[in-house]
$ cat protein.cif   # mmCIF, C-alpha atoms and all ligand atoms
data_work
loop_
_atom_site.label_atom_id
_atom_site.label_comp_id
_atom_site.auth_asym_id
_atom_site.auth_seq_id
_atom_site.Cartn_x
_atom_site.Cartn_y
_atom_site.Cartn_z
CA MET A 90 35.02 26.44 -4.75
CA ARG A 91 35.47 22.66 -4.88
CA ALA A 92 32.34 20.59 -4.33
CA LEU A 93 30.87 17.18 -4.98
CA GLN A 94 27.89 17.32 -7.30
CA TYR A 95 25.53 14.97 -9.12
CA THR A 96 23.45 15.96 -12.11
CA LYS A 97 21.24 12.87 -12.34
CA PHE A 98 19.88 10.44 -9.77
CA ASN A 99 22.01 7.38 -9.18
CA GLY A 100 24.54 8.99 -11.53
CA THR A 101 28.18 9.90 -11.15
CA ILE A 102 29.12 12.12 -8.23
CA SER A 103 31.85 14.43 -9.54
CA LEU A 104 34.33 16.72 -7.88
CA ASN A 105 33.63 20.01 -9.64
CA GLU A 106 34.71 23.63 -9.49
CA VAL A 107 31.44 25.53 -8.84
CA PRO A 108 30.60 29.18 -8.00
CA ASP A 109 30.97 30.18 -4.35
CA PRO A 110 27.66 30.68 -2.50
CA GLN A 111 26.59 34.33 -2.11
CA LEU A 112 25.07 35.92 1.00
CA VAL A 113 21.36 36.78 1.02
CA PRO A 114 19.63 38.75 3.82
CA ASN A 115 19.89 37.08 7.26
CA SER A 116 22.25 34.37 6.04
CA ALA A 117 25.71 33.04 6.74
CA ILE A 118 28.28 31.14 4.73
CA VAL A 119 29.87 28.26 6.63
CA LYS A 120 33.35 26.99 5.78
CA ILE A 121 33.13 23.20 5.98
CA GLU A 122 35.64 21.40 8.23
CA SER A 123 34.08 17.92 8.05
CA ALA A 124 30.99 16.23 6.59
CA SER A 125 29.67 12.67 6.92
CA ILE A 126 27.50 10.46 4.72
CA CYS A 127 24.09 9.80 6.27
CA LYS A 128 21.71 7.17 4.90
CA SER A 129 19.29 9.85 3.74
CA ASP A 130 22.05 11.28 1.50
CA ILE A 131 21.98 7.91 -0.26
CA SER A 132 18.17 7.97 -0.60
CA ALA A 133 18.40 11.48 -2.08
CA TRP A 134 21.09 10.40 -4.55
CA LYS A 135 18.99 7.40 -5.60
CA GLY A 136 16.04 9.71 -6.35
CA VAL A 137 13.79 8.36 -3.59
CA ASP A 138 13.34 11.74 -1.88
CA PRO A 139 10.77 13.93 -3.70
CA HIS A 140 12.28 17.13 -2.20
CA VAL A 141 15.53 16.76 -4.13
CA SER A 142 16.14 18.09 -7.62
CA VAL A 143 19.38 17.96 -9.61
CA PRO A 144 22.03 19.22 -10.04
CA ILE A 145 22.80 19.33 -6.33
CA ILE A 146 25.72 19.28 -3.89
CA PRO A 147 24.83 16.55 -1.34
CA GLY A 148 25.53 16.54 2.39
CA HIS A 149 23.53 17.64 5.44
CA GLU A 150 25.72 16.35 8.27
CA PHE A 151 28.60 18.79 8.61
CA TYR A 152 30.64 20.91 10.98
CA GLY A 153 32.35 24.18 10.13
CA HIS A 154 33.08 27.81 10.96
CA VAL A 155 31.14 30.92 10.04
CA ALA A 156 33.15 32.47 7.19
CA GLN A 157 30.82 35.34 6.20
CA LYS A 158 27.52 36.67 7.50
CA SER A 159 25.01 39.35 6.64
CA ASP A 160 24.61 42.32 9.00
CA GLU A 161 21.48 40.99 10.76
CA VAL A 162 23.21 37.78 11.86
CA GLU A 163 24.31 37.94 15.49
CA ILE A 164 26.74 35.03 15.53
CA GLN A 165 30.31 36.17 14.82
CA ASN A 166 32.62 35.19 11.98
CA GLY A 167 34.92 32.35 13.01
CA THR A 168 32.36 30.73 15.35
CA PRO A 169 32.35 26.89 15.14
CA VAL A 170 28.85 25.67 14.26
CA VAL A 171 26.64 22.78 13.24
CA VAL A 172 23.35 23.14 11.37
CA PRO A 173 20.23 21.05 12.16
CA VAL A 174 19.28 18.72 9.30
CA THR A 175 15.98 20.54 8.85
CA CYS A 176 16.37 24.32 8.98
CA GLY A 177 13.31 26.49 9.57
CA CYS A 178 12.03 29.32 7.36
CA GLY A 179 11.22 31.41 10.45
CA MET A 180 7.83 32.39 9.03
CA CYS A 181 5.45 29.39 9.20
CA GLY A 182 3.34 28.22 12.15
CA PRO A 183 5.76 25.57 13.48
CA CYS A 184 8.75 27.98 13.17
CA LYS A 185 6.88 30.70 15.07
CA ASN A 186 6.17 28.10 17.78
CA GLY A 187 9.88 27.29 18.05
CA GLN A 188 9.57 24.02 16.13
CA GLN A 189 11.69 24.76 13.09
CA HIS A 190 12.51 21.05 12.68
CA ILE A 191 8.98 20.48 11.37
CA CYS A 192 8.92 23.69 9.32
CA GLN A 193 6.35 23.79 6.51
CA ASN A 194 8.88 25.33 4.08
CA PRO A 195 12.14 23.82 5.27
CA PHE A 196 15.63 24.52 4.02
CA GLN A 197 17.54 21.25 4.02
CA PRO A 198 21.18 21.40 2.92
CA GLY A 199 21.86 18.57 0.51
CA PHE A 200 18.14 18.05 -0.21
CA THR A 201 16.26 21.27 -1.00
CA HIS A 202 19.49 23.27 -1.52
CA ASN A 203 23.19 22.69 -1.97
CA GLY A 204 24.82 20.93 0.98
CA GLY A 205 28.04 20.31 2.81
CA PHE A 206 30.22 18.13 0.58
CA ALA A 207 31.86 21.35 -0.51
CA GLU A 208 34.23 23.99 0.76
CA TYR A 209 31.38 26.36 1.71
CA VAL A 210 27.61 26.17 2.26
CA LEU A 211 25.01 28.95 2.49
CA ILE A 212 22.65 28.88 5.50
CA PRO A 213 19.60 31.20 5.33
CA ASN A 214 17.69 32.42 8.40
CA ALA A 215 21.02 32.04 10.14
CA ASN A 216 20.01 33.49 13.50
CA GLN A 217 17.68 30.51 13.94
CA ASN A 218 19.57 27.82 12.06
CA LEU A 219 23.19 28.07 13.24
CA VAL A 220 24.12 26.23 16.43
CA PRO A 221 27.40 27.41 18.04
CA LEU A 222 29.50 24.60 19.49
CA PRO A 223 31.09 24.59 22.96
CA GLY A 224 34.86 24.08 23.21
CA HIS A 225 34.74 20.35 23.93
CA LEU A 226 32.86 19.72 20.66
CA GLN A 227 34.94 21.72 18.20
CA LYS A 228 36.18 18.71 16.23
CA HIS A 229 35.47 16.73 13.06
CA SER A 230 33.17 14.14 14.62
CA SER A 231 30.79 16.94 15.65
CA ALA A 232 29.43 16.79 12.09
CA LEU A 233 27.27 13.98 13.52
CA LEU A 234 25.53 16.60 15.65
CA SER A 235 23.84 18.04 12.56
CA CYS A 236 21.82 14.88 12.10
CA ARG A 237 22.13 11.42 13.59
CA VAL A 238 23.33 12.00 17.17
CA ALA A 239 21.10 15.04 17.62
CA CYS A 240 18.08 13.38 15.97
CA ALA A 241 18.54 10.38 18.27
CA TYR A 242 18.56 12.69 21.30
CA HIS A 243 15.53 14.68 20.10
CA ALA A 244 13.59 11.46 19.51
CA ILE A 245 14.37 9.84 22.85
CA MET A 246 13.59 13.04 24.75
CA LYS A 247 10.21 13.13 22.96
CA SER A 248 9.29 9.72 24.32
CA HIS A 249 8.83 10.98 27.91
CA HIS A 250 9.87 7.60 29.35
CA HIS A 251 13.08 8.30 31.20
CA ASP A 252 12.77 5.76 33.97
CA THR A 253 16.36 4.66 34.43
CA LYS A 254 15.26 1.18 35.51
CA SER A 255 13.63 0.49 32.16
CA TRP A 256 14.87 -1.01 28.94
CA CYS A 257 15.31 0.46 25.50
CA LEU A 258 15.09 -1.67 22.37
CA ILE A 259 16.91 -0.49 19.23
CA PHE A 260 16.13 -1.95 15.80
CA GLY A 261 18.90 -1.36 13.25
CA PHE A 262 22.52 -0.58 14.11
CA GLY A 263 23.78 1.80 11.50
CA VAL A 264 25.21 5.06 12.82
CA PHE A 265 21.67 6.19 13.68
CA GLY A 266 21.16 3.10 15.86
CA MET A 267 24.63 3.58 17.37
CA SER A 268 23.72 7.17 18.21
CA CYS A 269 20.50 5.98 19.87
CA LEU A 270 22.52 3.48 21.92
CA LYS A 271 24.96 6.14 23.13
CA VAL A 272 22.18 8.56 24.08
CA ALA A 273 19.99 5.88 25.71
CA LYS A 274 22.90 4.57 27.79
CA ALA A 275 23.86 8.11 28.82
CA LEU A 276 20.27 8.64 29.99
CA GLY A 277 20.44 5.45 32.07
CA PHE A 278 18.51 2.95 29.96
CA LYS A 279 19.50 -0.69 29.70
CA THR A 280 19.73 -1.53 26.02
CA ILE A 281 18.95 -4.35 23.58
CA VAL A 282 20.08 -4.10 19.96
CA ILE A 283 18.47 -6.05 17.10
CA GLU A 284 20.27 -6.12 13.77
CA LEU A 285 20.74 -8.25 10.66
CA ALA A 286 24.49 -7.81 10.04
CA HIS A 287 26.78 -9.86 12.27
CA GLU A 288 29.56 -7.25 12.19
CA LYS A 289 27.13 -4.61 13.46
CA LEU A 290 25.98 -6.94 16.25
CA ALA A 291 29.64 -7.31 17.22
CA LYS A 292 29.95 -3.51 17.24
CA ALA A 293 26.87 -3.30 19.52
CA LYS A 294 28.50 -5.72 21.95
CA ALA A 295 31.72 -3.68 21.84
CA MET A 296 29.67 -0.56 22.60
CA LYS A 297 28.31 -2.36 25.68
CA ALA A 298 24.70 -2.97 24.69
CA ASN A 299 23.29 -5.19 27.46
CA HIS A 300 21.97 -7.73 24.92
CA THR A 301 22.17 -8.18 21.16
CA PHE A 302 20.01 -10.37 18.92
CA HIS A 303 20.01 -11.21 15.25
CA PHE A 304 16.81 -9.93 13.66
CA HIS A 305 15.76 -13.43 12.56
CA THR A 306 16.30 -15.10 15.94
CA PRO A 307 13.40 -17.57 16.44
CA SER A 308 10.89 -16.50 19.13
CA LEU A 309 12.61 -13.10 19.39
CA VAL A 310 9.60 -11.41 21.01
CA ASN A 311 9.38 -14.07 23.74
CA LEU A 312 13.14 -14.07 24.38
CA ILE A 313 13.18 -10.32 24.89
CA GLY A 314 10.05 -10.55 27.03
CA GLU A 315 11.90 -12.88 29.44
CA ILE A 316 14.73 -10.34 29.77
CA VAL A 317 12.72 -7.16 30.21
CA LYS A 318 9.99 -8.61 32.47
CA ASP A 319 7.27 -5.97 32.03
CA SER A 320 9.79 -3.12 31.94
CA LEU A 321 10.16 -2.30 28.24
CA PHE A 322 8.56 1.07 27.55
CA LEU A 323 10.75 2.40 24.76
CA SER A 324 11.48 0.81 21.40
CA ILE A 325 13.27 2.67 18.60
CA GLU A 326 13.01 1.62 14.95
CA THR A 327 15.75 3.15 12.79
CA SER A 328 15.66 0.97 9.67
CA GLY A 329 12.23 1.61 8.13
CA ASN A 330 11.50 -2.12 8.08
CA LEU A 331 7.79 -2.98 8.54
CA LEU A 332 8.61 -6.35 10.10
CA ALA A 333 10.78 -4.55 12.66
CA ILE A 334 7.84 -2.27 13.47
CA GLU A 335 5.66 -5.34 14.05
CA LYS A 336 8.24 -6.95 16.34
CA SER A 337 8.66 -3.69 18.22
CA ILE A 338 4.94 -3.26 18.89
CA LYS A 339 4.56 -6.88 19.97
CA THR A 340 7.56 -6.67 22.32
CA LEU A 341 6.67 -3.39 24.05
CA CYS A 342 4.91 -3.50 27.41
CA GLU A 343 1.48 -1.95 27.88
CA THR A 344 1.60 1.89 27.54
CA GLY A 345 5.04 1.62 25.86
CA HIS A 346 6.30 4.06 23.27
CA HIS A 347 7.33 3.01 19.77
CA LEU A 348 9.64 5.63 18.25
CA GLN A 349 9.73 5.54 14.45
CA LEU A 350 12.89 7.16 13.09
CA GLY A 351 13.49 5.20 9.90
CA PHE A 352 11.55 6.33 6.84
CA ILE A 353 9.71 3.55 5.03
CA SER A 354 10.50 3.33 1.33
CA PRO A 355 7.68 4.73 -0.86
CA TYR A 356 8.20 1.63 -3.04
CA ASN A 357 7.31 -0.70 -0.18
CA ASP A 358 4.32 -2.80 -1.22
CA LYS A 359 3.44 -4.08 2.26
CA ALA A 360 1.22 -2.42 4.85
CA ILE A 361 0.80 -2.43 8.62
CA SER A 362 -1.76 -5.12 9.41
CA PRO A 363 -5.13 -4.49 11.12
CA GLN A 364 -4.03 -6.96 13.83
CA LEU A 365 -1.04 -4.75 14.63
CA ILE A 366 -3.28 -1.70 14.90
CA SER A 367 -5.45 -3.70 17.30
CA THR A 368 -2.37 -4.48 19.39
CA ILE A 369 -1.46 -0.77 19.46
CA ILE A 370 -4.99 0.00 20.69
CA SER A 371 -5.35 -2.80 23.23
CA LYS A 372 -1.90 -2.18 24.81
CA GLU A 373 -2.31 1.61 24.59
CA ILE A 374 0.99 1.83 22.71
CA SER A 375 2.06 5.33 21.63
CA PHE A 376 3.39 5.29 18.06
CA ILE A 377 5.62 8.37 17.86
CA GLY A 378 7.17 9.80 14.72
CA SER A 379 10.29 11.88 15.17
CA HIS A 380 11.98 13.98 12.55
CA GLY A 381 15.10 16.09 12.76
CA VAL A 382 16.22 18.07 15.75
CA ASN A 383 15.08 21.33 17.25
CA GLY A 384 17.65 24.05 17.90
CA ALA A 385 16.40 24.21 21.50
CA ASP A 386 17.50 20.59 22.09
CA TYR A 387 21.18 21.35 21.67
CA SER A 388 22.21 22.92 24.97
CA SER A 389 20.96 19.95 27.03
CA LEU A 390 22.46 17.53 24.47
CA PHE A 391 25.85 19.26 24.78
CA SER A 392 25.62 18.93 28.57
CA LEU A 393 24.73 15.24 28.32
CA ILE A 394 27.68 14.60 25.98
CA HIS A 395 29.99 16.36 28.42
CA ASP A 396 28.61 14.87 31.64
CA ALA A 397 28.22 11.29 30.35
CA GLU A 398 31.48 11.50 28.40
CA ILE A 399 29.84 10.42 25.14
CA ASN A 400 32.69 9.86 22.69
CA LEU A 401 31.56 11.00 19.23
CA ASP A 402 34.96 10.07 17.72
CA SER A 403 34.14 6.39 18.30
CA LEU A 404 31.22 6.66 15.84
CA VAL A 405 33.59 7.57 12.99
CA GLU A 406 35.10 4.65 11.09
CA VAL A 407 36.58 6.21 7.94
CA GLN A 408 38.07 9.69 7.32
CA VAL A 409 38.87 10.56 3.71
CA PRO A 410 39.36 13.65 1.52
CA MET A 411 36.53 15.02 -0.61
CA GLU A 412 37.56 13.23 -3.81
CA LEU A 413 37.14 9.77 -2.24
CA ILE A 414 33.65 10.34 -0.79
CA PRO A 415 31.79 9.26 -4.02
CA ASN A 416 33.19 5.71 -3.64
CA TYR A 417 31.34 5.39 -0.36
CA PHE A 418 28.02 6.52 -1.86
CA SER A 419 28.07 3.76 -4.46
CA ASP A 420 28.79 0.92 -2.01
CA PHE A 421 26.85 2.28 1.00
CA ASP A 422 24.34 -0.60 1.09
CA THR A 423 26.91 -3.36 0.65
CA ASN A 424 30.05 -2.29 2.48
CA HIS A 425 30.73 -3.66 5.95
CA ILE A 426 31.75 -0.36 7.52
CA CYS A 427 30.46 -0.10 11.10
CA GLY A 428 30.56 3.63 11.65
CA ALA A 429 30.43 6.97 9.89
CA VAL A 430 32.34 7.79 6.71
CA MET A 431 33.57 11.35 7.04
CA MET A 432 35.11 13.91 4.71
CA VAL A 433 37.90 15.77 6.47
ZN ZN B 501 20.91 12.47 8.28
ZN ZN B 502 9.06 27.42 8.85
#
$ encode --input "protein.cif" --output "structure tokens"
Amino acid sequence: MRALQYTKFNGTISLNEVPDPQLVPNSAIVKIESASICKSDISAWKGVDPHVSVPIIPGHEFYGHVAQKSDEVEIQNGTPVVVPVTCGCGMCGPCKNGQQHICQNPFQPGFTHNGGFAEYVLIPNANQNLVPLPGHLQKHSSALLSCRVACAYHAIMKSHHHDTKSWCLIFGFGVFGMSCLKVAKALGFKTIVIELAHEKLAKAKAMKANHTFHFHTPSLVNLIGEIVKDSLFLSIETSGNLLAIEKSIKTLCETGHHLQLGFISPYNDKAISPQLISTIISKEISFIGSHGVNGADYSSLFSLIHDAEINLDSLVEVQVPMELIPNYFSDFDTNHICGAVMMV
């Protein structure tokens, strides 16, 4: 089959002819229809993620159809599916408790195993890890349901603050931040987006965020405080920036929830200050980590997308064939694309 592959970190991503994946017990082979570049694909390619070894086919955010399956797999050939970014082994404690997204021995396409920038991908433990799509979501942009849109939904549902009168603060407006905005608005939150790039702030305005602020706006915490008036209980940090975490904690109201979605670079030489920990304690802030998406989240997410008419297509900015995808890896941090880059 044709696949994108890199053999060294930060090296060339080549379009290669590689062997087709082969079924193992309780597995399925998915024919890829679309796949998008997520920021964590870039971290993996740069060698920042310790779970990745080379050579590897990248890509964990994809949509496709079941092409082959082993006998134990209940889902039928031809079924349109997505695959959660973190697949469970089915054997460990979290998997047995229905929490395969925090599996102790996870299968992660594009990280621990070959991923979706290919014609086909192998998915083990397929009865647990394949998510069939309803009719209204059988389209290219549904690749975003393997990671960013679904992870945003999982995270916000974890926060337990769903008071529709309250505000939601979003730090960082890449596709992950955009996904958080769409989900938060669909759940009834009023939204404030904080971002460094002016073109992304313009995108946030176009997507009807109630307020947008540049990250370096003077007195940002006070300005937001005047808007939210003791009604900010949810703040989402998607960028992995320690200064954003500090601003989030300081801005939240007492008993608010800080949701940390962005991983912090292991090469970061700064630390969270003791004063910030004291603020977390004295305001009884909940600092919540969220990772991946649980298979059980999907049916209510699909209903929300349908009922609130969330338009996933509007999150996609570029659609290109497989051979052009490597260009978008190399300029990911510097391009001005406000939306997902998708292989179709
Ligand atoms: Zn992702
Ligand atoms: Zn497991």
$ closest_residue --input "protein.cif" --among "A:Asn383, A:Ala298, A:Glu208, A:Phe151" --to "ligand ZN 502 (chain B)" --atoms "all atoms listed in the file"
A:Asn383
$ closest_atom_pairs --input "protein.cif" --of "chain A" --to "ligand ZN 501 (chain B)" --cutoff "9 Å" --atoms "all atoms listed in the file" --output "tab-separated table"
residue	atom	partner	partner_atom	distance
A:Ser125	CA	B:ZN501	ZN	8.9
A:Ile126	CA	B:ZN501	ZN	7.8
A:Cys127	CA	B:ZN501	ZN	4.6
A:Lys128	CA	B:ZN501	ZN	6.3
A:Ser129	CA	B:ZN501	ZN	5.5
A:Asp130	CA	B:ZN501	ZN	7.0
A:Gly148	CA	B:ZN501	ZN	8.5
A:His149	CA	B:ZN501	ZN	6.5
A:Glu150	CA	B:ZN501	ZN	6.2
A:Val174	CA	B:ZN501	ZN	6.5
A:Leu233	CA	B:ZN501	ZN	8.4
A:Ser235	CA	B:ZN501	ZN	7.6
A:Cys236	CA	B:ZN501	ZN	4.6
A:Arg237	CA	B:ZN501	ZN	5.5
A:Cys240	CA	B:ZN501	ZN	8.2
A:Phe265	CA	B:ZN501	ZN	8.3
A:Gly381	CA	B:ZN501	ZN	8.2
$ residues_around --input "protein.cif" --residues "region 156-158 of chain A" --least-positions-apart "6" --cutoff "6 Å" --atoms "all atoms listed in the file" --output "list of chain:residue names"
A:Ser116, A:Ala117, A:Ile118, A:Val119, A:Lys120, A:Asn166
$ write_last_selection --input "protein.cif" --atoms "C-alpha atoms" --output "JSON list (two decimals), in the coordinates of the input"
[["chain", "number", "residue", "atom", "x", "y", "z"],
["A", 116, "SER", "CA", 22.25, 34.37, 6.04],
["A", 117, "ALA", "CA", 25.71, 33.04, 6.74],
["A", 118, "ILE", "CA", 28.28, 31.14, 4.73],
["A", 119, "VAL", "CA", 29.87, 28.26, 6.63],
["A", 120, "LYS", "CA", 33.35, 26.99, 5.78],
["A", 166, "ASN", "CA", 32.62, 35.19, 11.98]]
$ residues_near_point --input "protein.cif" --point "(13.4, 3.3, 12.6)" --cutoff "9 Å" --atoms "all atoms listed in the file" --output "PyMOL selection string"
chain A and resi 259-261+265-266+325-330+333-334+348-353
$ residues_near_ligand --input "protein.cif" --ligand "ligand ZN 502 (chain B)" --cutoff "7 Å" --atoms "all atoms listed in the file" --output "MDAnalysis selection string"
chainID A and resid 177:184 189 192:195
$ write_last_selection --input "protein.cif" --atoms "C-alpha atoms" --output "short mmCIF file (atom, residue, chain, number, x, y, z; two decimals), keeping the file's coordinate frame"
data_model
loop_
_atom_site.label_atom_id
_atom_site.label_comp_id
_atom_site.auth_asym_id
_atom_site.auth_seq_id
_atom_site.Cartn_x
_atom_site.Cartn_y
_atom_site.Cartn_z
CA GLY A 177 13.31 26.49 9.57
CA CYS A 178 12.03 29.32 7.36
CA GLY A 179 11.22 31.41 10.45
CA MET A 180 7.83 32.39 9.03
CA CYS A 181 5.45 29.39 9.20
CA GLY A 182 3.34 28.22 12.15
CA PRO A 183 5.76 25.57 13.48
CA CYS A 184 8.75 27.98 13.17
CA GLN A 189 11.69 24.76 13.09
CA CYS A 192 8.92 23.69 9.32
CA GLN A 193 6.35 23.79 6.51
CA ASN A 194 8.88 25.33 4.08
CA PRO A 195 12.14 23.82 5.27
#
$ closest_residue --input "protein.cif" --among "A:Asn311, A:Thr340, A:Pro173, A:Ala397" --to "Ser231 (chain A)" --atoms "only C-alpha atoms"
A:Pro173
$ residues_around --input "protein.cif" --residues "Val238 (chain A)" --least-positions-apart "6" --cutoff "8 Å" --atoms "all atoms listed in the file" --output "PyMOL selection string"
chain A and resi 265+268-269+272
$ closest_residue --input "protein.cif" --among "A:Ile361, A:Glu122, A:Gly428, A:Val220" --to "Val407 (chain A)" --atoms "only C-alpha atoms"
A:Gly428
$ residues_around --input "protein.cif" --residues "Pro147 (chain A)" --least-positions-apart "2" --cutoff "8 Å" --atoms "all atoms listed in the file" --output "ChimeraX atom specification"
/A:93-95,130,134,145,149,198-200,203-206
$ residues_around --input "protein.cif" --residues "Val170 (chain A)" --least-positions-apart "6" --cutoff "6 Å" --atoms "all atoms listed in the file" --output "compact mmCIF listing (two decimals) with C-alpha atoms, in the frame of the given file"
# COMPACT_ATOMS: atom_id res chain seq x y z
CA GLY A 153 32.35 24.18 10.13
CA HIS A 154 33.08 27.81 10.96
CA VAL A 220 24.12 26.23 16.43
CA PRO A 221 27.40 27.41 18.04
CA LEU A 222 29.50 24.60 19.49
$ closest_residue --input "protein.cif" --among "A:Val141, A:Leu234, A:Ile131, A:Ala239" --to "Ile102 (chain A)" --atoms "only C-alpha atoms"
A:Ile131
$ closest_residue --input "protein.cif" --among "A:Ala293, A:Leu309, A:Val382, A:Met246" --to "His346 (chain A)" --atoms "only C-alpha atoms"
A:Met246
$ build_atoms --input "protein.cif" --residues "region 184-202 of chain A" --atoms "N, CA and C atoms" --output "PDB file, keeping the file's coordinate frame"
ATOM      1  N   CYS A 184       7.572  27.152  12.868  1.00  0.00           N
ATOM      2  CA  CYS A 184       8.750  27.980  13.170  1.00  0.00           C
ATOM      3  C   CYS A 184       8.428  29.029  14.226  1.00  0.00           C
ATOM      4  N   LYS A 185       7.250  29.667  14.092  1.00  0.00           N
ATOM      5  CA  LYS A 185       6.880  30.700  15.070  1.00  0.00           C
ATOM      6  C   LYS A 185       6.651  30.098  16.452  1.00  0.00           C
ATOM      7  N   ASN A 186       6.333  28.791  16.487  1.00  0.00           N
ATOM      8  CA  ASN A 186       6.170  28.100  17.780  1.00  0.00           C
ATOM      9  C   ASN A 186       7.464  27.470  18.257  1.00  0.00           C
ATOM     10  N   GLY A 187       8.584  27.819  17.612  1.00  0.00           N
ATOM     11  CA  GLY A 187       9.880  27.290  18.050  1.00  0.00           C
ATOM     12  C   GLY A 187      10.121  25.860  17.617  1.00  0.00           C
ATOM     13  N   GLN A 188       9.404  25.405  16.596  1.00  0.00           N
ATOM     14  CA  GLN A 188       9.570  24.020  16.130  1.00  0.00           C
ATOM     15  C   GLN A 188      10.041  24.007  14.680  1.00  0.00           C
ATOM     16  N   GLN A 189      11.210  24.616  14.465  1.00  0.00           N
ATOM     17  CA  GLN A 189      11.690  24.760  13.090  1.00  0.00           C
ATOM     18  C   GLN A 189      12.031  23.429  12.439  1.00  0.00           C
ATOM     19  N   HIS A 190      12.182  22.371  13.252  1.00  0.00           N
ATOM     20  CA  HIS A 190      12.510  21.050  12.680  1.00  0.00           C
ATOM     21  C   HIS A 190      11.346  20.438  11.919  1.00  0.00           C
ATOM     22  N   ILE A 191      10.132  20.946  12.158  1.00  0.00           N
ATOM     23  CA  ILE A 191       8.980  20.480  11.370  1.00  0.00           C
ATOM     24  C   ILE A 191       8.401  21.636  10.563  1.00  0.00           C
ATOM     25  N   CYS A 192       9.291  22.532  10.145  1.00  0.00           N
ATOM     26  CA  CYS A 192       8.920  23.690   9.320  1.00  0.00           C
ATOM     27  C   CYS A 192       8.136  23.254   8.077  1.00  0.00           C
ATOM     28  N   GLN A 193       7.166  24.113   7.691  1.00  0.00           N
ATOM     29  CA  GLN A 193       6.350  23.790   6.510  1.00  0.00           C
ATOM     30  C   GLN A 193       7.068  24.125   5.201  1.00  0.00           C
ATOM     31  N   ASN A 194       8.084  24.977   5.270  1.00  0.00           N
ATOM     32  CA  ASN A 194       8.880  25.330   4.080  1.00  0.00           C
ATOM     33  C   ASN A 194      10.363  25.186   4.402  1.00  0.00           C
ATOM     34  N   PRO A 195      10.791  23.968   4.706  1.00  0.00           N
ATOM     35  CA  PRO A 195      12.140  23.820   5.270  1.00  0.00           C
ATOM     36  C   PRO A 195      13.246  24.037   4.240  1.00  0.00           C
ATOM     37  N   PHE A 196      14.380  24.475   4.777  1.00  0.00           N
ATOM     38  CA  PHE A 196      15.630  24.520   4.020  1.00  0.00           C
ATOM     39  C   PHE A 196      16.442  23.336   4.508  1.00  0.00           C
ATOM     40  N   GLN A 197      16.763  22.416   3.620  1.00  0.00           N
ATOM     41  CA  GLN A 197      17.540  21.250   4.020  1.00  0.00           C
ATOM     42  C   GLN A 197      18.789  21.159   3.136  1.00  0.00           C
ATOM     43  N   PRO A 198      19.949  21.503   3.712  1.00  0.00           N
ATOM     44  CA  PRO A 198      21.180  21.400   2.920  1.00  0.00           C
ATOM     45  C   PRO A 198      21.329  19.985   2.373  1.00  0.00           C
ATOM     46  N   GLY A 199      21.679  19.886   1.121  1.00  0.00           N
ATOM     47  CA  GLY A 199      21.860  18.570   0.510  1.00  0.00           C
ATOM     48  C   GLY A 199      20.591  17.952  -0.035  1.00  0.00           C
ATOM     49  N   PHE A 200      19.430  18.560   0.274  1.00  0.00           N
ATOM     50  CA  PHE A 200      18.140  18.050  -0.210  1.00  0.00           C
ATOM     51  C   PHE A 200      17.419  19.145  -1.006  1.00  0.00           C
ATOM     52  N   THR A 201      16.973  20.190  -0.301  1.00  0.00           N
ATOM     53  CA  THR A 201      16.260  21.270  -1.000  1.00  0.00           C
ATOM     54  C   THR A 201      17.234  22.274  -1.613  1.00  0.00           C
ATOM     55  N   HIS A 202      18.469  22.331  -1.068  1.00  0.00           N
ATOM     56  CA  HIS A 202      19.490  23.270  -1.520  1.00  0.00           C
ATOM     57  C   HIS A 202      20.849  22.584  -1.444  1.00  0.00           C
TER      58      HIS A 202
END
